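Colleague: I'd like to ask you about the structure that follows.
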Amino acid sequence: MPELPEVETVKKGLENILVNKIIKGINLSGFSLRFPIPKNLVSLASGKKIVSIGRRSKYILFNLSENISLISHLGMSGNYRILSQEESKSYKAKKHDHIIFQFEDFKVVYNDPRRFGYIFITDKDPKDHRSIACLGPEPMSNNFNEAILAKSFYKKERPVKNALLDQTIISGLGNIYVCEALFRSKINPKKKIKQLVYSNGSAKNSLIILKNEINEVIKESILLGGSSLKDFSNTEGKMGYFQNTFSVYGREGELCVSKDCDQKIVRIVQSGRSTFYCPKCQK
DNA sequence: ATCCCCACCTGGCCGC
DNA sequence: TGCGGCCAGGTGGGGA
């Protein structure tokens with residue numbers, strides 16, 4: 001499922017309902033997620049109030065009372081559902097429901113078929129957690145700019161597609177938004193990143209365009225509630241709409257959307273992952 | 001040091 | 001209808 005816009009959508013849904021609520025109890029399926037669920041999750045989080053809910057990159061951060069934080073990653077197929085009071089009364093855990101949070105009069109269910117998601121609990125600043133500390137700046141944040149990209153791209157040989165998926169360079173993008181941002185920027189995904197930087201280390205215009213298009217595609221997707229492919233939905237079980245606006249992702253063999261372009265979208269594999277692009281528009 | 005590959009899982013879809 | 005193969009939004013560890 002989830003890249004930055006989808007995680008932001010889930011985070012907002014949780015924030016609307018859960019802030020100032022007290023976790024009365026937690027039920028676990030007994031399965032491990034990508035990592036084992038922390039043994040002290042139930043004892044440490046139960047009885048705590050949810051003070052605030054934040055997001056860093058693709059992580060949802062639950063800030064609880066007494067300086068406890070939950071750090072939640074949705075992996076590929078993780079999702080939170082907030083059950084209504086009525087649903088909560090008779091709810092029986094479904095297959096792949098791995099964590100059920102009990103509140104006074106309703107429940108929140110974490111469901112994750114592929115179990116690539118994970119959750120950590122910490123009594124320290126979550127920003128210092130090893131999963132968060134290494135993340136690069138994220139789109140639309142103050143410290144995301146062409147200078148920092150130019151620094152990361154300077155004299156490096158990697159294809160730009162791979163570099164944009166590297167969460168230590170820029171965090172929050174995944175396969176969909178990288179493909180879409182490169183199309184909007186008219187940059188070939190195979191292009192080596194050093195070619196976007198002048199030999200004096202400053203950003204070429206194409207890199208500035210790329211930075212702007214990354215911000216734009218993320219902003220637009222958040223406004224539409226993210227992209228729903230297969231199983232992504234928000235905390236109410238509703239779908240996002242951004243998938244209807246894809247220019248290249250999942251469009252192999254279909255016509256390029258650019259005016260005056262007669263090319264078909266191509267799928268290649270880079271570092272084991274599908275890349276979709278227009279060979280004519282993206283140079 | 002840098003970068004790629006693979007494993008971690010289940011389920012859905014396609015072709016035979 | 002069934003089965004095998006392939007594909008999927010992410011990440012971190014190991015190895016080249």
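Lettering and numbering for the structure tokens are positional, with chains as A, B, ... in the shown order, residues counted from 1 in each chain, and ligands counted from 1 in the shown order.
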Return the neighbours of chain B among the residues of chain A, cut-off 8 Å, counting only C-alpha atoms (C1' of nucleotides), as a short mmCIF file (atom, residue, chain, number, x, y, z; two decimals) with N, CA and C atoms, in the first residue's frame.

Modeller:
```cif
data_model
loop_
_atom_site.label_atom_id
_atom_site.label_comp_id
_atom_site.auth_asym_id
_atom_site.auth_seq_id
_atom_site.Cartn_x
_atom_site.Cartn_y
_atom_site.Cartn_z
N ARG A 34 6.77 -8.00 10.44
CA ARG A 34 8.12 -8.14 9.88
C ARG A 34 9.14 -8.41 10.98
N PRO A 113 -2.17 -8.36 5.82
CA PRO A 113 -2.08 -9.71 5.23
C PRO A 113 -0.64 -10.18 5.00
N ARG A 114 0.21 -9.31 4.48
CA ARG A 114 1.55 -9.79 4.14
C ARG A 114 2.52 -9.71 5.31
N ARG A 115 2.11 -9.04 6.36
CA ARG A 115 2.95 -8.91 7.57
C ARG A 115 4.31 -8.31 7.28
N PHE A 116 4.35 -7.36 6.36
CA PHE A 116 5.58 -6.59 6.14
C PHE A 116 5.62 -5.35 7.02
N ARG A 158 24.37 6.21 -9.73
CA ARG A 158 23.11 5.43 -9.71
C ARG A 158 22.06 6.04 -10.62
N SER A 271 16.65 -2.58 -10.35
CA SER A 271 16.86 -3.10 -8.99
C SER A 271 15.68 -3.97 -8.56
N GLY A 272 15.20 -4.79 -9.49
CA GLY A 272 14.15 -5.74 -9.16
C GLY A 272 12.76 -5.15 -9.04
#
```

Colleague: Please determine the contact residues of chain A with respect to chain C at a cut-off of 10 Å, counting only C-alpha atoms (C1' of nucleotides), and supply them as a ChimeraX atom specification.

Modeller: /A:1-3,6,34,58,73-77,116-117,131,165,167,174-177,227-232,273-274

Colleague: Please produce a file of those selected residues containing C-alpha atoms, as a PDB file, in the first residue's frame.

Modeller:
```pdb
ATOM      1  CA  MET A   1       0.000   0.000   0.000  1.00  0.00           C
ATOM      2  CA  PRO A   2       1.520   2.955   1.400  1.00  0.00           C
ATOM      3  CA  GLU A   3       3.766   5.767   0.369  1.00  0.00           C
ATOM      4  CA  GLU A   6      -1.366   7.083   1.899  1.00  0.00           C
ATOM      5  CA  ARG A  34       8.118  -8.136   9.876  1.00  0.00           C
ATOM      6  CA  LYS A  58       6.020   6.482   5.964  1.00  0.00           C
ATOM      7  CA  HIS A  73       5.055   1.206   9.631  1.00  0.00           C
ATOM      8  CA  LEU A  74       2.398  -0.237   7.318  1.00  0.00           C
ATOM      9  CA  GLY A  75       4.782  -2.225   5.118  1.00  0.00           C
ATOM     10  CA  MET A  76       3.074  -3.177   1.861  1.00  0.00           C
ATOM     11  CA  SER A  77      -0.346  -4.208   3.084  1.00  0.00           C
ATOM     12  CA  PHE A 116       5.578  -6.592   6.143  1.00  0.00           C
ATOM     13  CA  GLY A 117       4.495  -3.885   8.551  1.00  0.00           C
ATOM     14  CA  SER A 131      14.332   3.523  11.903  1.00  0.00           C
ATOM     15  CA  LEU A 165      13.624   5.246  -3.714  1.00  0.00           C
ATOM     16  CA  GLN A 167      14.901   6.766   1.944  1.00  0.00           C
ATOM     17  CA  GLY A 174       7.819   4.797  -3.173  1.00  0.00           C
ATOM     18  CA  ASN A 175       7.567   3.177  -6.563  1.00  0.00           C
ATOM     19  CA  ILE A 176       4.383   4.932  -7.695  1.00  0.00           C
ATOM     20  CA  TYR A 177       5.329   8.513  -6.893  1.00  0.00           C
ATOM     21  CA  SER A 227      -3.880   6.020  -4.171  1.00  0.00           C
ATOM     22  CA  SER A 228      -5.967   2.875  -3.737  1.00  0.00           C
ATOM     23  CA  LEU A 229      -4.528  -0.184  -5.442  1.00  0.00           C
ATOM     24  CA  LYS A 230      -5.675  -3.603  -4.329  1.00  0.00           C
ATOM     25  CA  ASP A 231      -6.221  -3.145  -0.636  1.00  0.00           C
ATOM     26  CA  PHE A 232      -5.452   0.425   0.395  1.00  0.00           C
ATOM     27  CA  ARG A 273      11.291  -3.252  -9.227  1.00  0.00           C
ATOM     28  CA  SER A 274       9.002  -2.193 -12.061  1.00  0.00           C
TER      29      SER A 274
END
```

Colleague: Among range 157-277 of chain A, which ones does DSSP assign to strand (DSSP E or B) (computed from the backbone)? Answer as a PyMOL selection string.

Modeller: chain A and resi 159+192+197+203+255+264+266-270+273-277

Colleague: Kindly give the distance, in Å, that separates CA of Leu28 in chain A and CA of Lys127 in chain A, rounded to a single decimal.

Modeller: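 So the two atoms, CA of Leu28 in chain A and CA of Lys127 in chain A, lie 25.9 Å apart.
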
Colleague: Apply DSSP to the backbone of this structure and, from range 56-257 of chain A, keep only the residues in alpha helix (DSSP H); write these as a PyMOL selection string.

Modeller: chain A and resi 85-90+130-133+146-153+160-165+175-185+205-223

Colleague: Would you kindly return, as a VMD selection string, each protein, DNA or RNA residue with an atom no farther than 12 Å from any atom of Val108 in chain A, considering only C-alpha atoms (C1' of nucleotides) and excluding same-chain residues fewer than 2 positions away?

Modeller: chain A and resid 13 to 14 17 to 18 21 23 to 27 79 to 85 87 to 88 91 93 97 to 106 110 to 111 235 to 236

Colleague: Would you output that residue set with C-alpha atoms, as an mmCIF file, in the first residue's frame?

Modeller:
```
data_model
loop_
_atom_site.group_PDB
_atom_site.id
_atom_site.type_symbol
_atom_site.label_atom_id
_atom_site.label_comp_id
_atom_site.auth_asym_id
_atom_site.auth_seq_id
_atom_site.Cartn_x
_atom_site.Cartn_y
_atom_site.Cartn_z
ATOM 1 C CA GLY A 13 -7.985 9.537 10.092
ATOM 2 C CA LEU A 14 -6.446 8.227 13.287
ATOM 3 C CA ILE A 17 -10.652 10.154 16.391
ATOM 4 C CA LEU A 18 -7.923 8.997 18.739
ATOM 5 C CA LYS A 21 -8.483 8.804 24.020
ATOM 6 C CA ILE A 23 -5.968 2.827 25.313
ATOM 7 C CA LYS A 24 -7.869 0.439 27.570
ATOM 8 C CA GLY A 25 -6.262 -2.706 26.272
ATOM 9 C CA ILE A 26 -4.565 -4.378 23.306
ATOM 10 C CA ASN A 27 -5.196 -7.782 21.743
ATOM 11 C CA ASN A 79 -3.930 -0.799 7.428
ATOM 12 C CA TYR A 80 -5.797 0.702 10.350
ATOM 13 C CA ARG A 81 -9.575 0.596 10.606
ATOM 14 C CA ILE A 82 -11.509 2.562 13.178
ATOM 15 C CA LEU A 83 -14.628 0.606 14.065
ATOM 16 C CA SER A 84 -17.822 2.396 14.990
ATOM 17 C CA GLN A 85 -19.253 1.785 18.460
ATOM 18 C CA GLU A 87 -19.278 -2.512 14.898
ATOM 19 C CA SER A 88 -17.001 -2.736 17.909
ATOM 20 C CA TYR A 91 -16.529 -7.471 16.212
ATOM 21 C CA ALA A 93 -11.087 -10.644 14.775
ATOM 22 C CA ASP A 97 -6.008 -8.719 12.238
ATOM 23 C CA HIS A 98 -2.766 -8.539 14.204
ATOM 24 C CA ILE A 99 -3.299 -5.731 16.702
ATOM 25 C CA ILE A 100 -6.636 -4.607 18.136
ATOM 26 C CA PHE A 101 -6.622 -1.482 20.301
ATOM 27 C CA GLN A 102 -9.531 -1.270 22.729
ATOM 28 C CA PHE A 103 -10.819 2.134 23.714
ATOM 29 C CA GLU A 104 -13.652 3.025 26.061
ATOM 30 C CA ASP A 105 -16.424 2.372 23.568
ATOM 31 C CA PHE A 106 -14.790 1.432 20.239
ATOM 32 C CA TYR A 110 -4.428 -3.118 12.552
ATOM 33 C CA ASN A 111 -4.766 -5.620 9.706
ATOM 34 C CA THR A 235 -9.403 4.403 8.462
ATOM 35 C CA GLU A 236 -13.069 4.386 7.432
#
```

Colleague: Select, from A:Gly201, A:Val19, A:Lys155, A:Arg56, the residue with the minimum atom-to-atom distance to Asp128 in chain A, counting only C-alpha atoms.

Modeller: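 Among A:Gly201, A:Val19, A:Lys155, A:Arg56, it is A:Arg56 that comes nearest to Asp128 in chain A.
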